[in-house]
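Below is the file target38.cif, which contains mmCIF, C-alpha atoms and all ligand atoms.
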```
data_start
#
loop_
_atom_site.label_atom_id
_atom_site.label_comp_id
_atom_site.auth_asym_id
_atom_site.auth_seq_id
_atom_site.Cartn_x
_atom_site.Cartn_y
_atom_site.Cartn_z
CA MET K 238 21.77 -129.31 -48.84
CA PRO K 239 20.89 -132.81 -50.12
CA ALA K 240 18.18 -132.62 -52.78
CA ASN K 241 16.02 -135.51 -51.58
CA LEU K 242 14.57 -133.88 -48.48
CA THR K 243 10.85 -134.47 -48.08
CA PRO K 244 8.19 -131.74 -47.94
CA GLU K 245 7.50 -132.82 -44.33
CA TYR K 246 11.10 -132.16 -43.44
CA MET K 247 11.16 -128.83 -45.29
CA SER K 248 8.07 -127.66 -43.45
CA ALA K 249 9.56 -128.66 -40.07
CA GLU K 250 12.74 -126.76 -40.94
CA GLN K 251 10.68 -123.71 -41.88
CA ASP K 252 8.97 -123.90 -38.48
CA TYR K 253 12.34 -124.11 -36.78
CA LYS K 254 13.59 -121.01 -38.56
CA SER K 255 10.58 -118.97 -37.52
CA ALA K 256 10.38 -120.42 -33.98
CA ARG K 257 10.72 -117.85 -31.22
CA THR K 258 10.53 -119.80 -28.00
CA HIS K 259 12.55 -122.77 -26.78
CA GLY K 260 9.38 -124.84 -26.81
CA GLU K 261 8.69 -124.05 -30.46
CA LYS K 262 12.30 -124.73 -31.44
CA LEU K 263 12.32 -128.03 -29.59
CA ALA K 264 9.12 -129.19 -31.27
CA ALA K 265 10.36 -128.22 -34.73
CA LEU K 266 13.74 -129.90 -34.22
CA GLU K 267 12.05 -133.10 -33.09
CA ARG K 268 9.94 -133.10 -36.25
CA MET K 269 13.04 -132.41 -38.34
CA LEU K 270 14.83 -135.39 -36.83
CA ALA K 271 11.80 -137.62 -37.35
CA THR K 272 11.36 -136.65 -41.00
CA VAL K 273 14.92 -136.28 -42.25
CA PRO K 274 15.70 -139.13 -44.71
CA LYS K 275 18.18 -141.47 -43.04
CA HIS K 276 21.06 -142.19 -45.41
CA LYS K 277 24.72 -141.38 -45.86
CA GLY K 278 24.03 -138.14 -47.70
CA THR K 279 22.21 -136.66 -44.67
CA GLU K 280 24.62 -137.80 -41.95
CA LYS K 281 26.01 -134.33 -41.35
CA LEU K 282 22.54 -132.85 -41.30
CA GLN K 283 21.30 -135.48 -38.82
CA ALA K 284 24.25 -134.79 -36.55
CA ASP K 285 23.56 -131.08 -36.75
CA ILE K 286 19.89 -131.54 -35.80
CA LYS K 287 20.87 -133.78 -32.87
CA ARG K 288 23.40 -131.23 -31.64
CA ARG K 289 20.83 -128.44 -31.80
CA LEU K 290 18.26 -130.63 -30.07
CA SER K 291 20.51 -131.43 -27.17
CA GLN K 292 21.45 -127.77 -26.82
CA GLU K 293 17.82 -126.70 -26.92
CA ARG K 294 16.89 -129.34 -24.30
CA LYS K 295 19.62 -128.04 -22.02
CA GLU K 296 18.37 -124.46 -22.43
CA ALA K 297 14.79 -125.48 -21.78
CA HIS K 298 15.91 -127.38 -18.70
CA LYS K 299 17.90 -124.42 -17.37
CA LYS K 300 14.96 -122.07 -17.66
CA GLY K 301 12.40 -124.58 -16.41
CA ALA K 302 10.58 -126.39 -19.19
CA ALA K 303 8.26 -124.32 -21.36
CA HIS K 304 9.35 -121.05 -19.72
CA SER K 305 10.97 -118.47 -21.87
CA THR K 306 12.23 -115.07 -20.70
CA PRO K 307 9.24 -113.11 -19.41
CA PHE K 308 8.16 -110.26 -21.71
CA TYR K 309 8.92 -107.59 -19.14
CA LEU K 310 12.62 -108.38 -18.95
CA VAL K 311 14.22 -106.44 -21.75
CA GLU K 312 17.44 -107.87 -23.09
CA LYS K 313 20.29 -105.44 -22.45
CA GLU K 314 21.80 -103.73 -25.45
CA GLY K 315 24.46 -101.05 -25.71
CA ALA K 316 26.56 -99.58 -22.92
CA GLY K 317 23.85 -99.74 -20.25
CA GLN K 318 20.14 -100.21 -19.65
CA VAL K 319 18.34 -97.29 -18.03
CA ALA K 320 14.83 -97.81 -16.66
CA LEU K 321 12.43 -94.85 -16.64
CA VAL K 322 10.55 -94.84 -13.37
CA GLY K 323 7.88 -92.35 -12.45
CA PRO K 324 4.25 -91.50 -11.78
CA PRO K 325 1.65 -91.59 -14.57
CA ASN K 326 1.79 -88.84 -17.21
CA SER K 327 5.22 -87.49 -16.28
CA GLY K 328 6.40 -87.89 -19.87
CA LYS K 329 8.44 -91.11 -19.73
CA SER K 330 7.08 -92.29 -23.06
CA GLN K 331 7.50 -88.85 -24.61
CA LEU K 332 11.15 -88.84 -23.52
CA VAL K 333 11.85 -92.24 -25.06
CA ALA K 334 10.10 -91.10 -28.24
CA ALA K 335 12.18 -87.91 -28.33
CA LEU K 336 15.55 -89.62 -27.86
CA THR K 337 15.26 -92.97 -29.60
CA HIS K 338 13.68 -94.54 -32.66
CA ALA K 339 11.16 -96.31 -30.45
CA ARG K 340 7.60 -95.03 -30.64
CA PRO K 341 5.85 -95.79 -27.36
CA GLU K 342 2.34 -94.44 -27.11
CA VAL K 343 2.14 -91.00 -25.52
CA GLY K 344 -1.14 -89.98 -23.97
CA ASP K 345 -2.71 -87.68 -21.43
CA TYR K 346 -4.51 -90.47 -19.65
CA PRO K 347 -2.70 -92.32 -16.88
CA PHE K 348 -2.04 -95.87 -18.05
CA THR K 349 -1.02 -95.53 -21.67
CA THR K 350 2.07 -97.67 -21.23
CA ARG K 351 1.47 -101.30 -20.30
CA ALA K 352 4.59 -103.10 -21.50
CA PRO K 353 8.26 -102.10 -21.44
CA THR K 354 9.41 -100.36 -24.59
CA PRO K 355 13.16 -100.18 -25.14
CA GLY K 356 14.91 -97.73 -27.42
CA MET K 357 18.54 -96.87 -28.10
CA MET K 358 19.71 -93.35 -27.28
CA ALA K 359 22.93 -92.10 -28.81
CA PHE K 360 25.36 -90.08 -26.73
CA GLU K 361 28.09 -89.01 -29.16
CA ASP K 362 29.55 -92.37 -30.21
CA VAL K 363 27.92 -94.66 -27.64
CA GLN K 364 24.48 -96.20 -27.53
CA ILE K 365 22.57 -96.38 -24.26
CA GLN K 366 19.33 -98.28 -23.90
CA LEU K 367 16.35 -96.48 -22.38
CA VAL K 368 13.40 -98.55 -21.24
CA ASP K 369 10.00 -96.90 -21.06
CA LEU K 370 7.94 -98.49 -18.30
CA PRO K 371 4.39 -98.33 -16.97
CA PRO K 372 3.91 -95.89 -14.08
CA MET K 373 4.30 -96.35 -10.37
CA SER K 374 1.11 -95.17 -8.81
CA ARG K 375 -1.10 -95.68 -5.80
CA GLU K 376 -4.03 -96.70 -7.99
CA PHE K 377 -2.35 -99.45 -9.89
CA MET K 378 1.07 -100.88 -10.58
CA GLU K 379 1.99 -103.73 -12.90
CA PRO K 380 3.08 -106.55 -10.57
CA TRP K 381 6.24 -107.21 -12.58
CA LEU K 382 7.45 -103.61 -12.54
CA PRO K 383 9.92 -104.06 -9.64
CA GLN K 384 11.64 -106.89 -11.50
CA ALA K 385 11.94 -104.86 -14.67
CA ILE K 386 13.54 -102.05 -12.65
CA ARG K 387 15.90 -104.44 -10.89
CA ASN K 388 16.97 -105.87 -14.23
CA ALA K 389 18.23 -102.48 -15.45
CA THR K 390 21.72 -101.06 -14.96
CA ALA K 391 20.27 -97.91 -13.41
CA GLY K 392 17.01 -96.08 -12.95
CA LEU K 393 15.84 -92.54 -13.66
CA LEU K 394 13.02 -90.89 -11.78
CA VAL K 395 10.96 -88.87 -14.25
CA VAL K 396 8.51 -86.38 -12.73
CA ASP K 397 6.18 -83.69 -14.02
CA LEU K 398 7.05 -80.10 -12.95
CA ALA K 399 3.46 -79.04 -13.57
CA ASP K 400 2.01 -81.68 -11.27
CA PRO K 401 0.85 -79.99 -8.04
CA ASP K 402 1.43 -83.29 -6.23
CA VAL K 403 4.98 -83.74 -7.48
CA LEU K 404 6.54 -83.86 -3.98
CA ASP K 405 4.00 -86.36 -2.86
CA GLU K 406 4.65 -88.52 -5.94
CA ILE K 407 8.41 -88.51 -5.31
CA GLY K 408 7.84 -89.44 -1.67
CA PHE K 409 5.50 -92.27 -2.62
CA ILE K 410 7.88 -93.71 -5.19
CA GLU K 411 10.90 -93.46 -2.90
CA ALA K 412 9.03 -95.29 -0.15
CA LEU K 413 7.87 -97.98 -2.55
CA LEU K 414 11.36 -98.52 -3.95
CA GLU K 415 12.72 -98.82 -0.46
CA GLU K 416 10.03 -101.24 0.60
CA ARG K 417 10.82 -103.42 -2.41
CA ARG K 418 14.55 -103.03 -1.77
CA LEU K 419 15.14 -101.52 -5.14
CA ALA K 420 18.10 -99.26 -5.79
CA ARG K 421 17.22 -95.59 -5.67
CA PRO K 422 17.26 -93.95 -9.12
CA LYS K 423 20.48 -92.09 -9.80
CA MET K 424 18.92 -89.07 -11.38
CA LEU K 425 15.82 -86.94 -11.01
CA VAL K 426 14.52 -85.82 -14.37
CA ALA K 427 12.04 -83.00 -14.06
CA ASN K 428 10.00 -82.83 -17.25
CA LYS K 429 7.71 -80.22 -18.83
CA LEU K 430 10.11 -77.33 -18.29
CA ASP K 431 8.29 -75.60 -21.16
CA LEU K 432 5.24 -74.99 -18.99
CA GLU K 433 4.72 -71.76 -17.10
CA GLY K 434 6.21 -71.64 -13.62
CA ALA K 435 8.08 -74.90 -14.17
CA ALA K 436 11.53 -73.33 -13.77
CA ASP K 437 10.67 -72.06 -10.29
CA ILE K 438 9.30 -75.43 -9.25
CA PHE K 439 12.54 -77.00 -10.46
CA THR K 440 14.61 -74.61 -8.32
CA ALA K 441 12.60 -75.74 -5.30
CA LEU K 442 12.99 -79.42 -6.24
CA GLU K 443 16.73 -78.99 -6.64
CA GLU K 444 16.96 -77.46 -3.17
CA LEU K 445 15.07 -80.37 -1.69
CA TYR K 446 16.54 -83.25 -3.65
CA GLY K 447 19.78 -81.94 -5.16
CA GLY K 448 21.83 -83.68 -2.48
CA ARG K 449 20.24 -87.01 -3.16
CA TYR K 450 20.05 -87.09 -6.95
CA ARG K 451 21.66 -85.43 -9.87
CA ALA K 452 18.76 -83.30 -11.02
CA LEU K 453 18.00 -82.06 -14.49
CA ALA K 454 15.05 -80.10 -15.87
CA ILE K 455 14.02 -80.94 -19.42
CA SER K 456 11.17 -80.69 -21.82
CA ALA K 457 10.71 -83.94 -23.68
CA ALA K 458 8.02 -82.40 -25.84
CA GLU K 459 9.92 -79.21 -26.73
CA GLY K 460 13.39 -80.76 -26.76
CA LEU K 461 14.84 -78.58 -23.99
CA ASN K 462 18.07 -79.81 -22.35
CA LEU K 463 17.98 -83.15 -24.13
CA ASP K 464 21.66 -82.99 -25.08
CA ARG K 465 22.50 -82.41 -21.45
CA PHE K 466 20.28 -85.33 -20.61
CA ARG K 467 22.30 -87.63 -22.88
CA ARG K 468 25.57 -86.59 -21.25
CA GLU K 469 24.17 -86.78 -17.70
CA VAL K 470 22.97 -90.34 -18.33
CA PHE K 471 26.39 -91.29 -19.69
CA ASP K 472 28.08 -89.77 -16.61
CA MET K 473 25.57 -91.38 -14.30
CA LEU K 474 26.47 -94.80 -15.66
CA GLU K 475 30.13 -94.05 -14.88
CA LEU K 476 31.28 -95.11 -18.30
CA VAL K 477 34.56 -94.32 -20.04
CA ARG K 478 35.33 -94.65 -23.73
CA VAL K 479 38.66 -95.97 -24.86
CA TYR K 480 39.92 -95.97 -28.45
CA THR K 481 42.79 -97.92 -29.85
CA LYS K 482 45.38 -97.27 -32.50
CA PRO K 483 47.92 -99.64 -34.02
CA PRO K 484 51.59 -98.91 -33.12
CA GLY K 485 53.27 -96.63 -35.61
CA LYS K 486 50.04 -95.64 -37.33
CA LYS K 487 48.03 -92.45 -37.18
CA PHE K 488 44.98 -92.51 -34.95
CA GLU K 489 41.71 -92.94 -36.76
CA MET K 490 38.44 -92.44 -34.96
CA THR K 491 36.67 -95.76 -34.49
CA ILE K 492 33.86 -97.11 -32.35
CA PRO K 493 35.01 -96.91 -28.74
CA TYR K 494 35.41 -99.74 -26.28
CA VAL K 495 33.16 -98.89 -23.35
CA LEU K 496 34.48 -99.57 -19.86
CA HIS K 497 33.51 -98.64 -16.35
CA ARG K 498 35.22 -95.93 -14.38
CA GLY K 499 38.14 -97.44 -12.46
CA GLN K 500 38.96 -100.08 -15.07
CA THR K 501 42.48 -100.31 -16.38
CA VAL K 502 44.60 -100.72 -19.49
CA ILE K 503 44.47 -104.50 -19.10
CA ASP K 504 40.65 -104.43 -18.97
CA ALA K 505 40.62 -102.44 -22.20
CA ALA K 506 43.06 -104.87 -23.82
CA ARG K 507 40.80 -107.76 -22.82
CA LEU K 508 37.90 -106.13 -24.66
CA VAL K 509 40.00 -105.77 -27.78
CA HIS K 510 41.10 -109.40 -27.79
CA LYS K 511 41.94 -111.95 -25.13
CA ASP K 512 45.38 -112.49 -26.69
CA PHE K 513 46.08 -108.79 -26.29
CA ALA K 514 45.37 -109.04 -22.58
CA GLU K 515 47.58 -112.07 -22.10
CA GLY K 516 50.51 -110.88 -24.13
CA LEU K 517 50.38 -107.20 -23.33
CA LYS K 518 53.81 -105.74 -22.51
CA PHE K 519 52.91 -102.11 -22.18
CA ALA K 520 50.74 -99.46 -23.74
CA ARG K 521 51.22 -95.93 -24.94
CA LEU K 522 48.54 -93.47 -24.01
CA TYR K 523 47.43 -90.69 -26.29
CA ARG K 524 44.64 -88.25 -25.73
CA ALA K 525 42.42 -86.68 -28.29
CA GLU K 526 42.12 -82.98 -27.62
CA ALA K 527 39.68 -80.49 -29.03
CA GLY K 528 41.17 -78.91 -32.14
CA GLY K 529 43.33 -81.97 -32.76
CA SER K 530 46.39 -80.61 -30.94
CA ALA K 531 48.55 -83.17 -29.20
CA CYS K 532 48.44 -83.26 -25.45
CA PRO K 533 51.80 -82.86 -23.62
CA THR K 534 51.53 -86.36 -22.20
CA SER K 535 50.82 -87.86 -25.59
CA GLY K 536 52.54 -91.15 -26.20
CA MET K 537 53.28 -91.63 -22.51
CA MET K 538 54.09 -95.21 -21.59
CA VAL K 539 51.58 -96.68 -19.15
CA GLU K 540 51.41 -99.92 -17.23
CA ARG K 541 48.76 -102.60 -17.41
CA SER K 542 47.24 -101.38 -14.14
CA HIS K 543 46.90 -97.76 -15.31
CA VAL K 544 43.31 -96.55 -14.83
CA VAL K 545 41.80 -95.43 -18.12
CA GLU K 546 39.83 -92.23 -18.61
CA ASP K 547 37.10 -91.24 -21.01
CA GLY K 548 38.66 -90.37 -24.38
CA ASP K 549 41.91 -92.28 -23.86
CA ILE K 550 43.58 -93.64 -26.98
CA LEU K 551 45.68 -96.72 -26.35
CA GLU K 552 48.43 -98.17 -28.44
CA LEU K 553 48.77 -101.74 -27.25
CA HIS K 554 52.18 -103.38 -27.48
CA ILE K 555 52.32 -107.15 -27.30
N1 LIG J 601 3.98 -79.54 -21.95
C1 LIG J 601 4.56 -80.74 -22.00
N2 LIG J 601 3.82 -81.86 -22.07
C2 LIG J 601 4.45 -83.04 -22.10
C3 LIG J 601 5.87 -83.13 -22.09
N3 LIG J 601 6.20 -84.44 -22.12
C4 LIG J 601 5.04 -85.13 -22.18
N4 LIG J 601 3.97 -84.29 -22.17
C5 LIG J 601 2.55 -84.65 -22.20
O1 LIG J 601 2.23 -85.33 -20.99
C6 LIG J 601 1.32 -86.39 -21.24
C7 LIG J 601 1.89 -87.70 -20.74
O2 LIG J 601 3.01 -88.07 -21.53
P1 LIG J 601 3.50 -89.58 -21.57
O3 LIG J 601 4.82 -89.57 -22.25
O4 LIG J 601 2.46 -90.47 -22.13
O5 LIG J 601 3.68 -89.86 -20.01
P2 LIG J 601 4.03 -91.23 -19.27
O6 LIG J 601 2.76 -91.72 -18.68
O7 LIG J 601 5.01 -90.85 -18.21
O8 LIG J 601 4.60 -92.15 -20.29
C8 LIG J 601 1.06 -86.39 -22.74
O9 LIG J 601 -0.14 -85.68 -22.97
C9 LIG J 601 2.22 -85.64 -23.31
O10 LIG J 601 1.90 -84.97 -24.51
C10 LIG J 601 6.63 -81.91 -22.03
O11 LIG J 601 7.86 -81.88 -22.03
N5 LIG J 601 5.92 -80.74 -21.98
MG MG J 602 3.94 -93.96 -20.83
#
```

For the structure just supplied, provide its representation as structure tokens.
Ligand SMILES: Nc1nc2c(ncn2[C@@H]2O[C@H](COP(=O)(O)OP(=O)(O)O)[C@@H](O)[C@H]2O)c(=O)[nH]1
Ligand SMILES: [Mg+2]
Amino acid sequence: MPANLTPEYMSAEQDYKSARTHGEKLAALERMLATVPKHKGTEKLQADIKRRLSQERKEAHKKGAAHSTPFYLVEKEGAGQVALVGPPNSGKSQLVAALTHARPEVGDYPFTTRAPTPGMMAFEDVQIQLVDLPPMSREFMEPWLPQAIRNATAGLLVVDLADPDVLDEIGFIEALLEERRLARPKMLVANKLDLEGAADIFTALEELYGGRYRALAISAAEGLNLDRFRREVFDMLELVRVYTKPPGKKFEMTIPYVLHRGQTVIDAARLVHKDFAEGLKFARLYRAEAGGSACPTSGMMVERSHVVEDGDILELHI
């Protein structure tokens, strides 16, 4: 960094570093360009500012000037984004609080949650993003809610087993989702299993809706069935985990590559490195088994088009 930068420039650069929106970044970069001393020693710096400026202008143009991503669209992180849909007070916020490090407000009055709150839930060695959302209700619904739901990979319908109107609530939400042409949630999560009579209500719900949804009764507050919840969400997203090992070396557990059901050896190779995908000759497939014993098919040679399964270990030969 050349030593003769002015305080005006330094302050503009500080603003740039703390800028959050495209508009703020653009303004700071323009000030940086205006105040940077123009001499040979700053040529690289000037070029860098100009490059960032032109990139920022392009971004701003793409999104429509002065518009940044709306607050209700949560940036996807992890293996999938799961939106929690449901009536007021069903325990959506409690569930996110129980399973992630996020701390959305939990309350026994209806509209505690006003903005989306994401949190990362671990299932074994994968991270799945849960997004706590405001409720869907007849009284009031945030106008942006449908878009937030659409933005997610999948939705969960969270209902309250102790709510005497639970059937009515499900019916209302299903109708609303259909009217808005939103995908139906993939799973019905019946919360408050800890309360008296809740298990019987769940049996009735399962009879009614079991064909339409995978259904699971939980207690977010008491931590009942939460491990099953993690697995069910993973299964619902139709994800598979693939591990790799270098040829001739012992397998060591690493962070998995996460693929979708139906994807193949070549798709896995592409995630590892694009050169692996291009140059891949074949792969050997190993499977981790409980107790560490080798599976009979261990080391089997598989083709590029072989469909991978959860837990597969691939040795990629290029
Ligand atoms: N008994 C019981 N109460 C719960 C459970 N989960 C949430 N609650 C309560 O239900 C109310 C609503 O919870 P909240 O998470 O704010 O619901 P949300 O509106 O769906 O986000 C709060 O008073 C919670 O303490 C549960 O598993 N069992
Ligand atoms: Mg809430």

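All residues of protein, DNA or RNA that reach within 6 Å of K:Ala265, judged by all atoms listed in the file and not counting those fewer than 6 positions away in the chain, are Ala249, Asp252 and Tyr253 of chain K.
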
Find the nearest atom pair between each residue of chain K and ligand MG 602 (chain J) for residues within 9 Å, count all atoms listed in the file, give distances in Å to one decimal, sort rows by chain and ascending number, and present the table as CSV.
```
residue,atom,partner,partner_atom,distance
K:Pro325,CA,J:MG602,MG,7.1
K:Asn326,CA,J:MG602,MG,6.6
K:Ser327,CA,J:MG602,MG,8.0
K:Gly328,CA,J:MG602,MG,6.6
K:Lys329,CA,J:MG602,MG,5.4
K:Ser330,CA,J:MG602,MG,4.2
K:Gln331,CA,J:MG602,MG,7.3
K:Pro341,CA,J:MG602,MG,7.0
K:Glu342,CA,J:MG602,MG,6.5
K:Val343,CA,J:MG602,MG,5.8
K:Gly344,CA,J:MG602,MG,7.2
K:Pro347,CA,J:MG602,MG,7.9
K:Phe348,CA,J:MG602,MG,6.9
K:Thr349,CA,J:MG602,MG,5.3
K:Thr350,CA,J:MG602,MG,4.2
K:Arg351,CA,J:MG602,MG,7.8
K:Asp369,CA,J:MG602,MG,6.7
K:Leu370,CA,J:MG602,MG,6.6
K:Pro371,CA,J:MG602,MG,5.8
K:Pro372,CA,J:MG602,MG,7.0
```

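Atom N2 of ligand LIG 601 (chain J) is positioned 10.2 Å from atom CA of K:Leu332.
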
Within 6 Å of (48.3, -89.0, -22.1) in the file's own coordinates, which protein, DNA or RNA residues have an atom, counting all atoms listed in the file? List them as a PDB file with C-alpha atoms, in the coordinates of the input.
```
ATOM      1  CA  LEU K 522      48.540 -93.470 -24.010  1.00  0.00           C
ATOM      2  CA  TYR K 523      47.430 -90.690 -26.290  1.00  0.00           C
ATOM      3  CA  ARG K 524      44.640 -88.250 -25.730  1.00  0.00           C
ATOM      4  CA  THR K 534      51.530 -86.360 -22.200  1.00  0.00           C
ATOM      5  CA  SER K 535      50.820 -87.860 -25.590  1.00  0.00           C
ATOM      6  CA  MET K 537      53.280 -91.630 -22.510  1.00  0.00           C
TER       7      MET K 537
END
```

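Interatomic distance, atom CA of K:Ile286 to atom CA of K:Tyr246: 11.7 Å.
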
Problem - Top pick for closest residue to K:Pro353, considering K:Lys429, K:Arg268, K:Arg340, K:Lys281 and counting all atoms listed in the file - result: K:Arg340

Find the residues around stretch 275-277 of chain K up to 12 Å (all atoms listed in the file counted), leave out those fewer than 4 positions away in its own chain, and share them as an mmCIF file with C-alpha atoms, keeping the file's coordinate frame.
```cif
data_model
loop_
_atom_site.group_PDB
_atom_site.id
_atom_site.type_symbol
_atom_site.label_atom_id
_atom_site.label_comp_id
_atom_site.auth_asym_id
_atom_site.auth_seq_id
_atom_site.Cartn_x
_atom_site.Cartn_y
_atom_site.Cartn_z
ATOM 1 C CA PRO K 239 20.890 -132.810 -50.120
ATOM 2 C CA ASN K 241 16.020 -135.510 -51.580
ATOM 3 C CA LEU K 242 14.570 -133.880 -48.480
ATOM 4 C CA THR K 243 10.850 -134.470 -48.080
ATOM 5 C CA TYR K 246 11.100 -132.160 -43.440
ATOM 6 C CA MET K 269 13.040 -132.410 -38.340
ATOM 7 C CA LEU K 270 14.830 -135.390 -36.830
ATOM 8 C CA ALA K 271 11.800 -137.620 -37.350
ATOM 9 C CA LYS K 281 26.010 -134.330 -41.350
ATOM 10 C CA LEU K 282 22.540 -132.850 -41.300
ATOM 11 C CA GLN K 283 21.300 -135.480 -38.820
ATOM 12 C CA ALA K 284 24.250 -134.790 -36.550
#
```

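For the choices K:Ala335, K:Met247, K:Val479, K:Ala441, the atom-to-atom distance to ligand LIG 601 (chain J) is smallest for K:Ala335 when using only C-alpha atoms and all ligand atoms.
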
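Using only C-alpha atoms, the nearest neighbour of K:Val273 within the list K:Arg541, K:Lys287, K:Arg417, K:Lys299 is K:Lys287.
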
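Near K:Tyr480, within 8 Å and counting all atoms listed in the file, sit Arg478, Lys482, Met490, Thr491, Ile492, Pro493, Tyr494, Gly548, Asp549, Ile550 and Leu551 of chain K; same-chain residues fewer than 2 positions away were not included.
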
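Of the listed residues K:Ile410, K:Leu453, K:Leu336, K:Ile438, the one whose atoms come nearest to K:Pro383 is K:Ile410, with distances taken using all atoms listed in the file.
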
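The spacing separating atom CA of K:Gly536 from atom CA of K:Glu552 amounts to 8.4 Å.
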
What are the centre and the three edge lengths of an axis-aligned box that wraps all atoms of ligand LIG 601 (chain J) in the file, given that 4 Å is added to every side, written as JSON and rounded to one decimal in Å?
```
{"center_x": 3.9, "center_y": -85.8, "center_z": -21.4, "size_x": 16.0, "size_y": 20.6, "size_z": 14.3}
```
